[in-house]
Amino acid sequence: MTVKSTSMERAPWGVSLSALLVLLFLHVPILIIFLYAFTTDEGGFTFPLPGLTLKWFGAALQRTDFWEALWLSVRVAALATGAALVLGTLAAAAVHRSRFFGREVISLALLLPIALPGIVTGIALRATMGMFEIPFSYWTIVIGHATFCVVTVYNNVLARFRRTAWSQVEASMDLGANGFQTFRYILLPYLGTAMLAGGVLAFALSFDEIIVTTFTAGQQQTLPIWIFSQLFRPRERPVTNVVAILVVLVMALPILYAHRLTQRADDTMGQNN
Amino acid sequence: MTSRLNNGRFKRHRVQRQAMSTPTYEYAVVFEQVTRAFGEVKAVDAVDLKIRDGEFFTMLGPSGSGKTTCLRMIAGFDRPTAGVVYLHGANVTHLPPYERDVNTVFQDYALFPHMTVGDNIAYGLKIRKVNKAERQRRVEEMLELVQLPGYAARKPSQLSGGQRQRVALARALINQPRVLLLDEPLGALDLKLRQQMQVELKSLQQRLGITFIFVTHDQEEALSMSDRIAVFNQGRVEQIGSPAEIYEQPQTAFVATFVGTSNMITGALAQQLIGADRVCALRPEKIHLSEVGAPPPPGALAVDGVVFDVDYLGLFTRYRVRLDDGAEMMVVQQNLLKSATDVAARDGERVRLHWQREHMLELRG
């Protein structure tokens, strides 16, 4: 992001101070987590730190339950993202291109899961699954996550479709390409970044989701649930802090990347008209 | 102006191809009672068309007259709600665009922005799995044909409007279609470039010998390029004919006023001049101005009026005359006089208008 600093006046000190306080409020807790991953005190958050150690990293990496939770979360997020990519893109194409009865309703229905509180989605899914006697499993978690992951892909792809010059699709068909070839050679390169951005956000949403997961998981523990369960154990508390650092590192980078992708205004389709 | 488009090798390919292709039909495109309705509105209303193989055919009309919808039904982007479309004798009414032997130059060119010029042009060949060496060779050939040699590596965004136009043309022609559809392709160009492209397109069509179907709302463009013109109005074809037929013998009031300008003579004046209350069109340049009282040439019809507007336009001067019965007439006279002050008539002057009887065109409807 570029800031035209030359044309901007200096903000009054009151505004600057408030901004600083808000930033501190947002980020100090995260810094505290980071800091207490290195404490020698295994019970809690004593200040000042009694000493610094790296032993919790070793302890965390040796815990098989941590690895199992991490692996489950990655698999769930990957599958939910995959489903979201396919369904979200198809839905965006349908809503953008066709005028069918109930089009607005479908658009709203797709957006609703992200507006609904997770707890409502969770209860609804649990009740439905109970009604049909679907056993809670890895798959029920994936379904739960897909409900809100579809939205992020749908929104990104729909926005991209709206900037599409449809004549390019017609030109492709005119030159002999069937629907699949047109999608492969014309639409996909163009929708690709939107799908990637939507997909990364979907992955991130799924990866740290806890509320819906609580309602739809059986015995399985995804990483967020695992972390939450660790908070009630008095010992080895810094292990959760170590895991938090890992999660931040793994998730923050893709999200920043996705943000950049959506911000980039060049390579838009139809700009050569 | 001679065309700069070059077509040596391209033609050889075409000849080879034609030897293999299906027998030629007299008509490239035939519409039988084709209707395209959007809800209640009939964009195209029971249109019959017969476009001859190898002709430069123009569909002319104002926006919303159905000409572009007709073009889209030939390309396959749109399907008729009733009627049949034939391409070279085969019923293609329900074939998708990629199964039709036609290619289109789009109004906005529709170049693929993520591909180079070369990849854009080669797209049709790539889809047909033509090998890379052959693709490259034919792209070079097409770039030469449209006067853009050496542009293969550029992106469409690096080209000017006129250059994009040529790339769009090359991309459509590389498939060697038997029919090329052009949807107002010159609309986005400035006047000078437009005139140059008109000449080039016309000469390209003559050398390739394929059917060009050209959509435009510009009557001058239509007159200068076409072998035949179909004039569209409100989803119907008003008249089909050569440019001279369309201009000299308009059959409806719409054609008479949309293609060029016409004075419409009706009612009592028509009764007085030709002895029948018919609607007649009279082109402004067919009327002569003379002094009141001067006897008209033998066989000529004459009325008197007062000049109330004079526009000097260089090549000609346009006069507006109010006749004694209140009707207005436009008269155009070429400026053949010797000096600037020597105009044929002045504002407010009383004049006599005369013309030959056969220039009064009785319209139908």
# chains A, B, ... in the order shown; residues from 1 in each chain; ligands from 1

$ select_by_dssp --residues "region 37-178 of chain A" --states "alpha helix (DSSP H)" --output "ChimeraX atom specification"
/A:55-62,64-97,103-115,118-131,138-162,167-174

$ closest_atom_pairs --of "chain B" --to "chain A" --cutoff "9 Å" --atoms "only C-alpha atoms" --output "tab-separated table"
residue	atom	partner	partner_atom	distance
B:Ala75	CA	A:Asp174	CA	7.1
B:Gly76	CA	A:Asp174	CA	8.2
B:Phe77	CA	A:Glu170	CA	7.0
B:Pro96	CA	A:Met173	CA	8.1
B:Pro97	CA	A:Asp174	CA	5.2
B:Tyr98	CA	A:Gly176	CA	4.0
B:Glu99	CA	A:Gly176	CA	6.8
B:Arg100	CA	A:Asp174	CA	8.0
B:Asp101	CA	A:Gly176	CA	8.9
B:Val102	CA	A:Asp174	CA	7.5
B:Asn103	CA	A:Asp174	CA	5.8
B:Thr104	CA	A:Asp174	CA	6.7
B:Val105	CA	A:Ala171	CA	8.3
B:Phe106	CA	A:Ser167	CA	7.5
B:Gln107	CA	A:Ser167	CA	9.0
B:Asp108	CA	A:Asn273	CA	5.7
B:Tyr109	CA	A:Asn273	CA	7.3
B:Ala110	CA	A:Gln168	CA	4.8
B:Leu111	CA	A:Gln168	CA	6.6
B:Phe112	CA	A:Gln168	CA	6.5
B:Pro113	CA	A:Met269	CA	6.3
B:His114	CA	A:Asp267	CA	7.3
B:Tyr123	CA	A:Leu175	CA	7.2
B:Gly124	CA	A:Leu175	CA	4.9
B:Leu125	CA	A:Leu175	CA	8.5
B:Ile127	CA	A:Ala177	CA	6.0
B:Arg128	CA	A:Gly176	CA	7.5
B:Pro156	CA	A:Asn272	CA	6.5
B:Ser157	CA	A:Asn272	CA	5.2
B:Gln158	CA	A:Asn272	CA	8.7
B:Leu159	CA	A:Asn272	CA	8.7
B:Gly161	CA	A:Asn273	CA	8.4
B:Arg164	CA	A:Asn272	CA	8.8
B:Arg171	CA	A:Leu175	CA	8.2
B:Ala172	CA	A:Leu175	CA	7.1
B:Asn175	CA	A:Leu175	CA	7.5

$ atom_distance --atom1 "CA of Ser137 (chain A)" --atom2 "CA of Val247 (chain A)"
23.5 Å

$ closest_residue --among "A:Lys55, A:Arg126, A:Arg260, A:His145" --to "Val76 (chain A)" --atoms "only C-alpha atoms"
A:His145

$ residues_around --residues "Leu273 (chain B)" --least-positions-apart "5" --cutoff "9 Å" --atoms "only C-alpha atoms" --output "list in words"
Ala268, Leu301, Ala302, Val303 and Arg357 of chain B

$ closest_residue --among "B:Gly83, B:Pro295, B:Gly66, B:Pro243" --to "Val34 (chain B)" --atoms "only C-alpha atoms"
B:Gly83

$ residues_around --residues "Glu236 (chain A)" --least-positions-apart "4" --cutoff "10 Å" --atoms "only C-alpha atoms" --output "mmCIF file with all heavy atoms, in the first residue's frame"
data_model
loop_
_atom_site.group_PDB
_atom_site.id
_atom_site.type_symbol
_atom_site.label_atom_id
_atom_site.label_comp_id
_atom_site.auth_asym_id
_atom_site.auth_seq_id
_atom_site.Cartn_x
_atom_site.Cartn_y
_atom_site.Cartn_z
ATOM 1 N N ASP A 41 8.969 -20.837 33.813
ATOM 2 C CA ASP A 41 7.895 -21.144 34.757
ATOM 3 C C ASP A 41 6.816 -21.943 34.035
ATOM 4 O O ASP A 41 6.234 -21.488 33.058
ATOM 5 C CB ASP A 41 7.319 -19.804 35.278
ATOM 6 C CG ASP A 41 6.080 -20.038 36.120
ATOM 7 O OD1 ASP A 41 5.888 -21.170 36.595
ATOM 8 O OD2 ASP A 41 5.308 -19.065 36.268
ATOM 9 N N GLU A 42 6.543 -23.172 34.494
ATOM 10 C CA GLU A 42 5.611 -24.005 33.737
ATOM 11 C C GLU A 42 4.156 -23.791 34.157
ATOM 12 O O GLU A 42 3.250 -24.267 33.516
ATOM 13 C CB GLU A 42 5.966 -25.489 33.900
ATOM 14 C CG GLU A 42 5.705 -26.047 35.297
ATOM 15 C CD GLU A 42 5.943 -27.552 35.315
ATOM 16 O OE1 GLU A 42 6.785 -28.026 34.522
ATOM 17 O OE2 GLU A 42 5.281 -28.242 36.095
ATOM 18 N N GLY A 43 3.940 -23.046 35.227
ATOM 19 C CA GLY A 43 2.579 -22.937 35.736
ATOM 20 C C GLY A 43 1.754 -21.810 35.142
ATOM 21 O O GLY A 43 0.558 -21.927 34.948
ATOM 22 N N GLY A 44 2.361 -20.678 34.813
ATOM 23 C CA GLY A 44 1.510 -19.580 34.375
ATOM 24 C C GLY A 44 2.317 -18.374 33.966
ATOM 25 O O GLY A 44 3.417 -18.496 33.452
ATOM 26 N N TRP A 56 10.340 -25.714 25.820
ATOM 27 C CA TRP A 56 8.930 -25.953 25.489
ATOM 28 C C TRP A 56 8.752 -26.271 24.007
ATOM 29 O O TRP A 56 7.803 -26.957 23.635
ATOM 30 C CB TRP A 56 8.082 -24.755 25.890
ATOM 31 C CG TRP A 56 8.208 -24.459 27.367
ATOM 32 C CD1 TRP A 56 8.736 -23.353 27.927
ATOM 33 C CD2 TRP A 56 7.844 -25.321 28.426
ATOM 34 N NE1 TRP A 56 8.733 -23.445 29.284
ATOM 35 C CE2 TRP A 56 8.182 -24.661 29.634
ATOM 36 C CE3 TRP A 56 7.289 -26.605 28.516
ATOM 37 C CZ2 TRP A 56 7.967 -25.216 30.886
ATOM 38 C CZ3 TRP A 56 7.062 -27.141 29.753
ATOM 39 C CH2 TRP A 56 7.408 -26.464 30.932
ATOM 40 N N ALA A 59 9.311 -29.837 23.882
ATOM 41 C CA ALA A 59 8.205 -30.542 24.531
ATOM 42 C C ALA A 59 6.983 -30.583 23.628
ATOM 43 O O ALA A 59 6.322 -31.615 23.468
ATOM 44 C CB ALA A 59 7.863 -29.851 25.845
ATOM 45 N N ALA A 60 6.703 -29.430 22.973
ATOM 46 C CA ALA A 60 5.524 -29.360 22.110
ATOM 47 C C ALA A 60 5.667 -30.307 20.931
ATOM 48 O O ALA A 60 4.735 -31.052 20.587
ATOM 49 C CB ALA A 60 5.326 -27.929 21.606
ATOM 50 N N GLN A 230 -5.991 -27.625 26.424
ATOM 51 C CA GLN A 230 -4.735 -27.525 27.162
ATOM 52 C C GLN A 230 -4.787 -26.443 28.233
ATOM 53 O O GLN A 230 -4.052 -26.487 29.213
ATOM 54 C CB GLN A 230 -3.573 -27.220 26.205
ATOM 55 C CG GLN A 230 -3.252 -28.345 25.248
ATOM 56 C CD GLN A 230 -2.898 -29.618 25.989
ATOM 57 O OE1 GLN A 230 -1.993 -29.646 26.822
ATOM 58 N NE2 GLN A 230 -3.638 -30.681 25.708
ATOM 59 N N LEU A 231 -5.656 -25.443 28.034
ATOM 60 C CA LEU A 231 -5.695 -24.323 28.968
ATOM 61 C C LEU A 231 -6.109 -24.765 30.364
ATOM 62 O O LEU A 231 -5.831 -24.096 31.343
ATOM 63 C CB LEU A 231 -6.651 -23.241 28.469
ATOM 64 C CG LEU A 231 -6.212 -22.554 27.173
ATOM 65 C CD1 LEU A 231 -7.224 -21.503 26.770
ATOM 66 C CD2 LEU A 231 -4.837 -21.904 27.373
ATOM 67 N N THR A 240 1.272 -24.513 24.913
ATOM 68 C CA THR A 240 0.228 -23.904 24.074
ATOM 69 C C THR A 240 0.727 -22.600 23.452
ATOM 70 O O THR A 240 0.359 -22.255 22.325
ATOM 71 C CB THR A 240 -1.036 -23.610 24.903
ATOM 72 O OG1 THR A 240 -0.659 -22.831 26.045
ATOM 73 C CG2 THR A 240 -1.707 -24.887 25.337
ATOM 74 N N ASN A 241 1.564 -21.872 24.178
ATOM 75 C CA ASN A 241 2.115 -20.636 23.624
ATOM 76 C C ASN A 241 3.012 -20.914 22.420
ATOM 77 O O ASN A 241 2.996 -20.193 21.428
ATOM 78 C CB ASN A 241 2.908 -19.876 24.690
ATOM 79 C CG ASN A 241 2.016 -19.446 25.844
ATOM 80 O OD1 ASN A 241 0.792 -19.446 25.716
ATOM 81 N ND2 ASN A 241 2.630 -19.100 26.957
#

$ atom_distance --atom1 "CA of Glu238 (chain B)" --atom2 "CA of Leu204 (chain B)"
28.5 Å

$ atom_distance --atom1 "CA of Gln205 (chain B)" --atom2 "CA of Val30 (chain B)"
19.8 Å

$ residues_around --residues "Glu140 (chain B)" --least-positions-apart "5" --cutoff "8 Å" --atoms "only C-alpha atoms" --output "VMD selection string"
chain B and resid 149 to 150 152

$ decode --residues "region 144-159 of chain B" --atoms "all heavy atoms" --output "PDB file, in the first residue's frame"
ATOM      1  N   GLU B 144       1.728 -10.607 -40.853  1.00  0.00           N
ATOM      2  CA  GLU B 144       2.088  -9.902 -42.081  1.00  0.00           C
ATOM      3  C   GLU B 144       0.836  -9.443 -42.818  1.00  0.00           C
ATOM      4  O   GLU B 144       0.777  -8.331 -43.328  1.00  0.00           O
ATOM      5  CB  GLU B 144       2.893 -10.835 -42.987  1.00  0.00           C
ATOM      6  CG  GLU B 144       4.299 -10.336 -43.265  1.00  0.00           C
ATOM      7  CD  GLU B 144       5.138 -11.420 -43.872  1.00  0.00           C
ATOM      8  OE1 GLU B 144       4.972 -11.660 -45.081  1.00  0.00           O
ATOM      9  OE2 GLU B 144       5.936 -12.036 -43.129  1.00  0.00           O
ATOM     10  N   LEU B 145      -0.162 -10.332 -42.836  1.00  0.00           N
ATOM     11  CA  LEU B 145      -1.415 -10.016 -43.524  1.00  0.00           C
ATOM     12  C   LEU B 145      -2.047  -8.740 -42.963  1.00  0.00           C
ATOM     13  O   LEU B 145      -2.584  -7.926 -43.706  1.00  0.00           O
ATOM     14  CB  LEU B 145      -2.394 -11.188 -43.387  1.00  0.00           C
ATOM     15  CG  LEU B 145      -3.765 -11.004 -44.042  1.00  0.00           C
ATOM     16  CD1 LEU B 145      -3.666 -11.177 -45.537  1.00  0.00           C
ATOM     17  CD2 LEU B 145      -4.778 -11.973 -43.460  1.00  0.00           C
ATOM     18  N   VAL B 146      -1.979  -8.566 -41.653  1.00  0.00           N
ATOM     19  CA  VAL B 146      -2.615  -7.393 -41.052  1.00  0.00           C
ATOM     20  C   VAL B 146      -1.599  -6.287 -40.754  1.00  0.00           C
ATOM     21  O   VAL B 146      -1.884  -5.384 -39.972  1.00  0.00           O
ATOM     22  CB  VAL B 146      -3.405  -7.745 -39.771  1.00  0.00           C
ATOM     23  CG1 VAL B 146      -4.522  -8.717 -40.092  1.00  0.00           C
ATOM     24  CG2 VAL B 146      -2.490  -8.318 -38.704  1.00  0.00           C
ATOM     25  N   GLN B 147      -0.428  -6.393 -41.377  1.00  0.00           N
ATOM     26  CA  GLN B 147       0.567  -5.322 -41.277  1.00  0.00           C
ATOM     27  C   GLN B 147       1.082  -5.090 -39.861  1.00  0.00           C
ATOM     28  O   GLN B 147       1.304  -3.949 -39.456  1.00  0.00           O
ATOM     29  CB  GLN B 147      -0.021  -4.006 -41.818  1.00  0.00           C
ATOM     30  CG  GLN B 147      -0.177  -4.002 -43.313  1.00  0.00           C
ATOM     31  CD  GLN B 147       1.154  -4.050 -44.028  1.00  0.00           C
ATOM     32  OE1 GLN B 147       1.979  -3.166 -43.854  1.00  0.00           O
ATOM     33  NE2 GLN B 147       1.384  -5.091 -44.792  1.00  0.00           N
ATOM     34  N   LEU B 148       1.272  -6.175 -39.085  1.00  0.00           N
ATOM     35  CA  LEU B 148       1.859  -6.020 -37.754  1.00  0.00           C
ATOM     36  C   LEU B 148       3.028  -6.987 -37.566  1.00  0.00           C
ATOM     37  O   LEU B 148       3.107  -7.660 -36.530  1.00  0.00           O
ATOM     38  CB  LEU B 148       0.811  -6.270 -36.665  1.00  0.00           C
ATOM     39  CG  LEU B 148      -0.287  -5.240 -36.463  1.00  0.00           C
ATOM     40  CD1 LEU B 148      -1.295  -5.756 -35.441  1.00  0.00           C
ATOM     41  CD2 LEU B 148       0.273  -3.910 -36.002  1.00  0.00           C
ATOM     42  N   PRO B 149       3.933  -7.116 -38.544  1.00  0.00           N
ATOM     43  CA  PRO B 149       5.015  -8.082 -38.373  1.00  0.00           C
ATOM     44  C   PRO B 149       5.869  -7.717 -37.160  1.00  0.00           C
ATOM     45  O   PRO B 149       6.094  -6.541 -36.878  1.00  0.00           O
ATOM     46  CB  PRO B 149       5.814  -7.970 -39.674  1.00  0.00           C
ATOM     47  CG  PRO B 149       5.475  -6.641 -40.219  1.00  0.00           C
ATOM     48  CD  PRO B 149       4.074  -6.336 -39.776  1.00  0.00           C
ATOM     49  N   GLY B 150       6.302  -8.732 -36.413  1.00  0.00           N
ATOM     50  CA  GLY B 150       7.167  -8.489 -35.259  1.00  0.00           C
ATOM     51  C   GLY B 150       6.431  -8.121 -33.990  1.00  0.00           C
ATOM     52  O   GLY B 150       7.045  -7.806 -32.981  1.00  0.00           O
ATOM     53  N   TYR B 151       5.095  -8.180 -34.002  1.00  0.00           N
ATOM     54  CA  TYR B 151       4.331  -7.795 -32.813  1.00  0.00           C
ATOM     55  C   TYR B 151       3.940  -8.986 -31.948  1.00  0.00           C
ATOM     56  O   TYR B 151       3.259  -8.817 -30.946  1.00  0.00           O
ATOM     57  CB  TYR B 151       3.051  -7.040 -33.218  1.00  0.00           C
ATOM     58  CG  TYR B 151       3.284  -5.572 -33.490  1.00  0.00           C
ATOM     59  CD1 TYR B 151       4.009  -5.154 -34.603  1.00  0.00           C
ATOM     60  CD2 TYR B 151       2.762  -4.601 -32.628  1.00  0.00           C
ATOM     61  CE1 TYR B 151       4.223  -3.813 -34.854  1.00  0.00           C
ATOM     62  CE2 TYR B 151       2.975  -3.252 -32.873  1.00  0.00           C
ATOM     63  CZ  TYR B 151       3.708  -2.872 -33.988  1.00  0.00           C
ATOM     64  OH  TYR B 151       3.909  -1.543 -34.225  1.00  0.00           O
ATOM     65  N   ALA B 152       4.366 -10.189 -32.329  1.00  0.00           N
ATOM     66  CA  ALA B 152       3.854 -11.406 -31.676  1.00  0.00           C
ATOM     67  C   ALA B 152       4.079 -11.421 -30.171  1.00  0.00           C
ATOM     68  O   ALA B 152       3.263 -11.929 -29.422  1.00  0.00           O
ATOM     69  CB  ALA B 152       4.483 -12.643 -32.309  1.00  0.00           C
ATOM     70  N   ALA B 153       5.186 -10.848 -29.712  1.00  0.00           N
ATOM     71  CA  ALA B 153       5.530 -10.963 -28.298  1.00  0.00           C
ATOM     72  C   ALA B 153       4.863  -9.903 -27.425  1.00  0.00           C
ATOM     73  O   ALA B 153       4.949  -9.959 -26.210  1.00  0.00           O
ATOM     74  CB  ALA B 153       7.044 -10.886 -28.131  1.00  0.00           C
ATOM     75  N   ARG B 154       4.181  -8.938 -28.054  1.00  0.00           N
ATOM     76  CA  ARG B 154       3.590  -7.881 -27.230  1.00  0.00           C
ATOM     77  C   ARG B 154       2.308  -8.330 -26.567  1.00  0.00           C
ATOM     78  O   ARG B 154       1.672  -9.285 -26.977  1.00  0.00           O
ATOM     79  CB  ARG B 154       3.276  -6.666 -28.115  1.00  0.00           C
ATOM     80  CG  ARG B 154       4.499  -6.186 -28.837  1.00  0.00           C
ATOM     81  CD  ARG B 154       4.552  -4.702 -28.880  1.00  0.00           C
ATOM     82  NE  ARG B 154       5.627  -4.288 -29.752  1.00  0.00           N
ATOM     83  CZ  ARG B 154       5.736  -3.071 -30.241  1.00  0.00           C
ATOM     84  NH1 ARG B 154       4.821  -2.169 -29.961  1.00  0.00           N
ATOM     85  NH2 ARG B 154       6.741  -2.760 -31.010  1.00  0.00           N
ATOM     86  N   LYS B 155       1.922  -7.567 -25.539  1.00  0.00           N
ATOM     87  CA  LYS B 155       0.639  -7.799 -24.889  1.00  0.00           C
ATOM     88  C   LYS B 155      -0.398  -6.847 -25.502  1.00  0.00           C
ATOM     89  O   LYS B 155      -0.044  -5.745 -25.915  1.00  0.00           O
ATOM     90  CB  LYS B 155       0.752  -7.524 -23.385  1.00  0.00           C
ATOM     91  CG  LYS B 155       1.444  -8.629 -22.599  1.00  0.00           C
ATOM     92  CD  LYS B 155       0.547  -9.857 -22.491  1.00  0.00           C
ATOM     93  CE  LYS B 155       1.158 -10.944 -21.626  1.00  0.00           C
ATOM     94  NZ  LYS B 155       0.978 -10.732 -20.197  1.00  0.00           N
ATOM     95  N   PRO B 156      -1.663  -7.267 -25.539  1.00  0.00           N
ATOM     96  CA  PRO B 156      -2.697  -6.396 -26.113  1.00  0.00           C
ATOM     97  C   PRO B 156      -2.711  -5.007 -25.489  1.00  0.00           C
ATOM     98  O   PRO B 156      -2.991  -4.014 -26.173  1.00  0.00           O
ATOM     99  CB  PRO B 156      -3.995  -7.144 -25.791  1.00  0.00           C
ATOM    100  CG  PRO B 156      -3.586  -8.567 -25.725  1.00  0.00           C
ATOM    101  CD  PRO B 156      -2.191  -8.575 -25.155  1.00  0.00           C
ATOM    102  N   SER B 157      -2.375  -4.914 -24.185  1.00  0.00           N
ATOM    103  CA  SER B 157      -2.427  -3.607 -23.523  1.00  0.00           C
ATOM    104  C   SER B 157      -1.371  -2.644 -24.058  1.00  0.00           C
ATOM    105  O   SER B 157      -1.442  -1.453 -23.811  1.00  0.00           O
ATOM    106  CB  SER B 157      -2.257  -3.783 -22.016  1.00  0.00           C
ATOM    107  OG  SER B 157      -1.060  -4.483 -21.739  1.00  0.00           O
ATOM    108  N   GLN B 158      -0.374  -3.196 -24.798  1.00  0.00           N
ATOM    109  CA  GLN B 158       0.670  -2.319 -25.339  1.00  0.00           C
ATOM    110  C   GLN B 158       0.329  -1.814 -26.740  1.00  0.00           C
ATOM    111  O   GLN B 158       1.163  -1.179 -27.376  1.00  0.00           O
ATOM    112  CB  GLN B 158       1.997  -3.084 -25.392  1.00  0.00           C
ATOM    113  CG  GLN B 158       2.522  -3.465 -24.026  1.00  0.00           C
ATOM    114  CD  GLN B 158       3.683  -4.440 -24.125  1.00  0.00           C
ATOM    115  OE1 GLN B 158       3.532  -5.560 -24.592  1.00  0.00           O
ATOM    116  NE2 GLN B 158       4.859  -3.995 -23.702  1.00  0.00           N
ATOM    117  N   LEU B 159      -0.848  -2.160 -27.237  1.00  0.00           N
ATOM    118  CA  LEU B 159      -1.197  -1.785 -28.609  1.00  0.00           C
ATOM    119  C   LEU B 159      -2.196  -0.629 -28.639  1.00  0.00           C
ATOM    120  O   LEU B 159      -2.943  -0.422 -27.694  1.00  0.00           O
ATOM    121  CB  LEU B 159      -1.825  -2.985 -29.330  1.00  0.00           C
ATOM    122  CG  LEU B 159      -1.018  -4.276 -29.401  1.00  0.00           C
ATOM    123  CD1 LEU B 159      -1.794  -5.312 -30.193  1.00  0.00           C
ATOM    124  CD2 LEU B 159       0.346  -4.039 -30.024  1.00  0.00           C
TER     125      LEU B 159
END
